[in-house]
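Novice: I'd like to ask you about the structure that follows.
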Amino acid sequence: MTISQVQARARAAEDRLRLCASSFAIAGLTALILWVAVADLLRQGRLETVLSAGRAELAAPALVALVVATGICERIWPAERRPVLARGHVQDACFLALHAIVVIPLMTLLSVGAATLIGSYARWIELPTGRWPGWLLVPLTIVAMDAANWLAHYADHRLGALWRFHALHHSQEELSVLTSFRAHPLMHTTGFLLATIPVVALMPTRPIAPVLITIYVCIGTLQHANLRWTFGPVGRVLVSPAYHRLHHAPDTQRVNLGVVLTIWDVLAGRARFPARGDAAGRTGLDGRPVPVEQDEAPGPAVLLLAGQLAEPFRARG
Ligand SMILES: [Zn+2]
Ligand SMILES: [Zn+2]
């Protein structure tokens with residue numbers, strides 16, 4: 001082996017070992033929020049109660065039924081026809097398992113920890129809404145939470161440190177309802193921090209009814225379905241599968257960032273409404289910066305999942 005070959009090998013090994021500091025910083029921030037939540041809940045003796053309430057909201061039978069019903073619709077009216085066991089579906093099913101085991105408790109604790117931190121260090125944001133009627137306050141809070149989620153999604157695309165985690169969600173080339181669960185667990189931290197601000201500001205003492213959270217999650221899940229549905233006139237206000245699919249195209253990620261409502265995209269000049277009958281465009285990331293199951297030799301799904309989760313921590317060349 002020549003000296004230059006040895007040097008090239010050493011450089012390649014060094015590159016593999018180079019780590020991304022910003023990703024570790026986000027992991028550290030997440031760990032801090034979780035620690036605050038667990039310490040607080042243990043002190044109150046409510047850890048198990050809160051975790052099961054979170055499970056009831058985020059894994060509600062209504063959501064499971066919606067995923068199954070959407071899966072059946074995808075077989076009947078697919079935007080893109082492909083086998084049930086297409087690689088993308090199998091990989092996203094692994095992400096669904098990760099979501100059920102890890103992400104649901106993580107999300108529950110993130111919302112508790114974010115509320116505890118914001119409530120203790122920024123109590124001044126609480127508004128005097130004690131006498132406001134529920135019919136006004138609850139929808140207002142949910143709309144404000146949706147705005148916060150839009151802002152977090154905008155930040156995911158604008159800031160490199162956040163994009164590293166969000167890229168995995170966009171790497172899917174075979175979009176289906178299961179892609180809603182294809183997300184790096186550390187992608188959720190900014191969203192929960194931002195979405196908790198309107199909750200603490202508007203409803204500091206009253207909890208939002210769990211059923212409303214479940215409805216919100218259901219609408220947010222349907223958007224990845226492999227369907228051409230535009231929702232007709234309702235699709236001007238609610239994010240439809242065809243609308244969100246445009247956000248997953250390799251060249252139009254700057255548009256259609258809405259999570260449930262389209263109004264934030266309209267206000268930001270970033271809404272692109274699909275027309276009925278439009279062909280389903282390609283999805284995924286050009287150049288495949290994240291390892292994907294559609295690669296030539298992707299390896300076993302679980303090993304690939306581990307590689308996809310580790311990817312944001314490696315420095316990109
Ligand atoms: Zn995105
Ligand atoms: Zn998406």
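Ordering of the structure tokens sets the chain letters (A, B, ...), residue numbers begin anew at 1 in every chain, and ligands are numbered from 1 in the order given.
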Taking only C-alpha atoms and all ligand atoms and a cut-off of 7 Å, can you tell me which residues surround ligand 1, written as a list in words?
Specialist: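 If we count only C-alpha atoms and all ligand atoms, the neighbours of ligand 1 turn out to be His153, Asp156, His157, His166, His170, His247, Gln253 and Leu257 of chain A.
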Novice: Using only C-alpha atoms, find each residue in stretch 210-240 of chain A having at least one atom no more than 12 Å away from stretch 269-279 of chain A; report its shortest atom-to-atom pair and that distance in Å (one decimal), rows by chain then rising number, as CSV.
Specialist:
residue,atom,partner,partner_atom,distance
A:Leu227,CA,A:Ala279,CA,10.8
A:Arg228,CA,A:Gly277,CA,7.6
A:Trp229,CA,A:Arg276,CA,7.8
A:Thr230,CA,A:Arg276,CA,6.5
A:Phe231,CA,A:Arg276,CA,9.2
A:Gly232,CA,A:Arg276,CA,7.9
A:Pro233,CA,A:Phe273,CA,10.7
A:Val234,CA,A:Phe273,CA,11.5
A:Gly235,CA,A:Phe273,CA,8.2
A:Arg236,CA,A:Phe273,CA,7.4
A:Val237,CA,A:Phe273,CA,10.3
A:Leu238,CA,A:Phe273,CA,11.0
A:Val239,CA,A:Phe273,CA,9.6
A:Ser240,CA,A:Pro274,CA,9.3
Novice: Smallest atom-to-atom distance to ligand 2: which of A:Arg87, A:His248, A:Arg158, A:Arg131, using only C-alpha atoms and all ligand atoms?
Specialist: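 The closest residue to ligand 2 is A:His248.
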Novice: Apply DSSP to the backbone of this structure and, from stretch 208-273 of chain A, keep only the residues in alpha helix (DSSP H); write these as a list in words.
Specialist: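 Matching residues, listed in order: Pro210, Val211, Leu212, Ile213, Thr214, Ile215, Tyr216, Val217, Cys218, Ile219, Gly220, Thr221, Leu222, Pro241, Ala242, Tyr243, His244, Arg245, Leu246, His247, Ile263, Trp264, Asp265, Val266 and Leu267 of chain A.
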Novice: Tell me, in Å to one decimal, how far atom CA of A:Trp132 is from atom CA of A:Ala115.
Specialist: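 Value for the atom CA of A:Trp132-atom CA of A:Ala115 distance: 20.9 Å.
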Novice: Pick out the closest residue to ligand 2 from this set: A:Ala242, A:Ala310, A:Met203, A:Val292. Count only C-alpha atoms and all ligand atoms.
Specialist: A:Ala242
Novice: In Å, with one decimal, what is the gap from atom CA of A:Ala201 to atom 1 (Zn, counted along the ligand's line) of ligand 2?
Specialist: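 Interatomic distance, atom CA of A:Ala201 to atom 1 (Zn, counted along the ligand's line) of ligand 2: 28.0 Å.
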Novice: 10 Å from ligand 2 is the threshold here; counting only C-alpha atoms and all ligand atoms, which polymer residues fall inside it? Answer as a PyMOL selection string.
Specialist: chain A and resi 153+166+169-172+175-177+179-183+220-221+223-225+241+244-248+253+256-259
Novice: Which is closer to A:Gly160 than all the others in A:Ser22, A:Glu173, A:Ala79, A:Arg288, using only C-alpha atoms?
Specialist: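 Using only C-alpha atoms, the shortest distance to A:Gly160 belongs to A:Ser22.
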Novice: I'd like the contact shell of A:Leu117 - 9 Å cut-off, only C-alpha atoms, skipping same-chain residues fewer than 4 positions apart - returned as a VMD selection string.
Specialist: chain A and resid 33 36 to 37 112 to 113 121 to 122
Novice: May I have the residues from that selection written out with N, CA, C and O atoms, as a PDB file, in the first residue's frame?
Specialist:
ATOM      1  N   ILE A  33     -34.920  18.340  29.579  1.00  0.00           N
ATOM      2  CA  ILE A  33     -36.381  18.494  29.687  1.00  0.00           C
ATOM      3  C   ILE A  33     -37.014  17.220  30.277  1.00  0.00           C
ATOM      4  O   ILE A  33     -37.898  17.282  31.130  1.00  0.00           O
ATOM      5  N   VAL A  36     -36.345  17.054  34.005  1.00  0.00           N
ATOM      6  CA  VAL A  36     -37.238  17.971  34.733  1.00  0.00           C
ATOM      7  C   VAL A  36     -38.618  17.321  34.890  1.00  0.00           C
ATOM      8  O   VAL A  36     -39.223  17.338  35.965  1.00  0.00           O
ATOM      9  N   ALA A  37     -39.115  16.718  33.800  1.00  0.00           N
ATOM     10  CA  ALA A  37     -40.454  16.108  33.826  1.00  0.00           C
ATOM     11  C   ALA A  37     -40.506  14.935  34.796  1.00  0.00           C
ATOM     12  O   ALA A  37     -41.402  14.852  35.645  1.00  0.00           O
ATOM     13  N   VAL A 112     -44.776  17.632  29.424  1.00  0.00           N
ATOM     14  CA  VAL A 112     -44.789  17.949  30.868  1.00  0.00           C
ATOM     15  C   VAL A 112     -43.559  18.793  31.217  1.00  0.00           C
ATOM     16  O   VAL A 112     -43.659  19.826  31.888  1.00  0.00           O
ATOM     17  N   GLY A 113     -42.384  18.371  30.744  1.00  0.00           N
ATOM     18  CA  GLY A 113     -41.139  19.082  31.065  1.00  0.00           C
ATOM     19  C   GLY A 113     -41.144  20.500  30.512  1.00  0.00           C
ATOM     20  O   GLY A 113     -40.732  21.437  31.202  1.00  0.00           O
ATOM     21  N   TYR A 121     -40.009  29.484  34.635  1.00  0.00           N
ATOM     22  CA  TYR A 121     -39.081  30.571  34.263  1.00  0.00           C
ATOM     23  C   TYR A 121     -39.733  31.666  33.435  1.00  0.00           C
ATOM     24  O   TYR A 121     -39.126  32.704  33.209  1.00  0.00           O
ATOM     25  N   ALA A 122     -40.933  31.450  32.948  1.00  0.00           N
ATOM     26  CA  ALA A 122     -41.558  32.496  32.106  1.00  0.00           C
ATOM     27  C   ALA A 122     -43.042  32.629  32.463  1.00  0.00           C
ATOM     28  O   ALA A 122     -43.905  32.677  31.601  1.00  0.00           O
TER      29      ALA A 122
END
Novice: Can you list, as a ChimeraX atom specification, every protein, DNA or RNA residue that comes within 8 Å of A:Ala147 when you count only C-alpha atoms, leaving out same-chain residues fewer than 4 positions away?
Specialist: /A:143,151,264
Novice: Write the residues you've just listed into a file as a compact mmCIF listing (two decimals), in the first residue's frame, and include all heavy atoms for each of them.
Specialist:
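After the write, result_19.txt holds the following:
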# COMPACT_ATOMS: atom_id res chain seq x y z
N VAL A 143 -55.42 26.48 17.76
CA VAL A 143 -54.94 27.19 16.56
C VAL A 143 -53.54 27.77 16.84
O VAL A 143 -52.64 27.68 15.99
CB VAL A 143 -55.95 28.29 16.13
CG1 VAL A 143 -55.35 29.21 15.09
CG2 VAL A 143 -57.23 27.64 15.61
N LEU A 151 -44.16 26.93 12.98
CA LEU A 151 -42.89 27.64 13.20
C LEU A 151 -41.75 26.64 13.46
O LEU A 151 -40.63 26.80 12.94
CB LEU A 151 -43.06 28.56 14.42
CG LEU A 151 -42.16 29.76 14.49
CD1 LEU A 151 -42.36 30.68 13.29
CD2 LEU A 151 -42.43 30.54 15.79
N TRP A 264 -51.17 29.22 7.83
CA TRP A 264 -49.82 29.76 8.11
C TRP A 264 -48.99 29.79 6.83
O TRP A 264 -48.21 30.72 6.62
CB TRP A 264 -49.13 28.93 9.20
CG TRP A 264 -50.07 28.57 10.30
CD1 TRP A 264 -50.49 27.32 10.64
CD2 TRP A 264 -50.79 29.48 11.16
NE1 TRP A 264 -51.41 27.38 11.66
CE2 TRP A 264 -51.62 28.69 12.00
CE3 TRP A 264 -50.83 30.86 11.31
CZ2 TRP A 264 -52.45 29.23 12.97
CZ3 TRP A 264 -51.66 31.41 12.28
CH2 TRP A 264 -52.45 30.61 13.08
Novice: From the options A:Ile101, A:Thr205, A:Glu174, A:Gly307, which residue's atoms come nearest to A:Arg81, counting only C-alpha atoms?
Specialist: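 Once distances to A:Arg81 are computed over only C-alpha atoms, the minimum belongs to A:Glu174.
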Novice: So that I can check the surroundings of A:Ala161, please list as a ChimeraX atom specification every protein, DNA and RNA residue that reaches within 12 Å of it, counting only C-alpha atoms and ignoring chain neighbours fewer than 4 positions away.
Specialist: /A:20-27,155-157,165-167,186-187,190,312-316
Novice: I'd like to know which of A:Trp77, A:Ala62, A:Leu51, A:Thr116 is closest to A:Val200, using only C-alpha atoms.
Specialist: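 Nearest to A:Val200: A:Thr116.
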Novice: Just want the 9 Å neighbourhood of A:Val217, counted on only C-alpha atoms, with same-chain residues fewer than 4 positions away dropped. Output as a PDB file with C-alpha atoms, in the first residue's frame.
Specialist:
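In the end it all went to selection_18.pdb:
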ATOM      1  CA  GLU A  57     -54.152  10.398  23.869  1.00  0.00           C
ATOM      2  CA  LEU A  58     -51.414   9.439  21.415  1.00  0.00           C
ATOM      3  CA  LEU A  63     -56.008   6.825  15.809  1.00  0.00           C
ATOM      4  CA  LEU A 212     -59.143  17.249  21.094  1.00  0.00           C
ATOM      5  CA  ILE A 213     -55.456  16.281  21.124  1.00  0.00           C
ATOM      6  CA  THR A 221     -51.425  11.548  10.599  1.00  0.00           C
ATOM      7  CA  LEU A 222     -53.698  11.353   7.548  1.00  0.00           C
ATOM      8  CA  VAL A 260     -53.029  20.723  10.324  1.00  0.00           C
TER       9      VAL A 260
END
Novice: May I ask for the distance between atom CA of A:Asp295 and atom CA of A:Thr252, given in Å to one decimal place?
Specialist: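 Atom CA of A:Thr252 lies at a distance of 22.5 Å from atom CA of A:Asp295.
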Novice: Which residues come within 12 Å of A:Glu48, counting only C-alpha atoms, excluding same-chain residues fewer than 5 positions away, as a VMD selection string?
Specialist: chain A and resid 38 41 to 42 53 to 55 105 108 to 109
Novice: With N, CA and C atoms retained, write the just-selected residues as a compact mmCIF listing (two decimals), in the first residue's frame.
Specialist:
# COMPACT_ATOMS: atom_id res chain seq x y z
N VAL A 38 -39.52 14.04 34.69
CA VAL A 38 -39.54 12.83 35.54
C VAL A 38 -39.40 13.23 37.01
N LEU A 41 -42.70 14.74 38.20
CA LEU A 41 -43.80 13.76 38.31
C LEU A 41 -43.54 12.77 39.45
N LEU A 42 -42.27 12.41 39.65
CA LEU A 42 -41.96 11.49 40.76
C LEU A 42 -42.26 12.17 42.10
N ALA A 53 -51.95 8.38 30.66
CA ALA A 53 -52.84 9.37 30.03
C ALA A 53 -52.28 9.75 28.65
N GLY A 54 -50.96 9.88 28.56
CA GLY A 54 -50.29 10.19 27.28
C GLY A 54 -50.54 9.10 26.26
N ARG A 55 -50.42 7.83 26.73
CA ARG A 55 -50.68 6.69 25.83
C ARG A 55 -52.11 6.74 25.32
N PRO A 105 -44.03 7.79 25.08
CA PRO A 105 -43.64 8.29 26.41
C PRO A 105 -42.75 9.52 26.33
N THR A 108 -44.94 12.56 25.76
CA THR A 108 -45.69 12.88 26.98
C THR A 108 -44.79 13.63 27.96
N LEU A 109 -43.56 13.11 28.14
CA LEU A 109 -42.65 13.74 29.10
C LEU A 109 -42.15 15.09 28.59
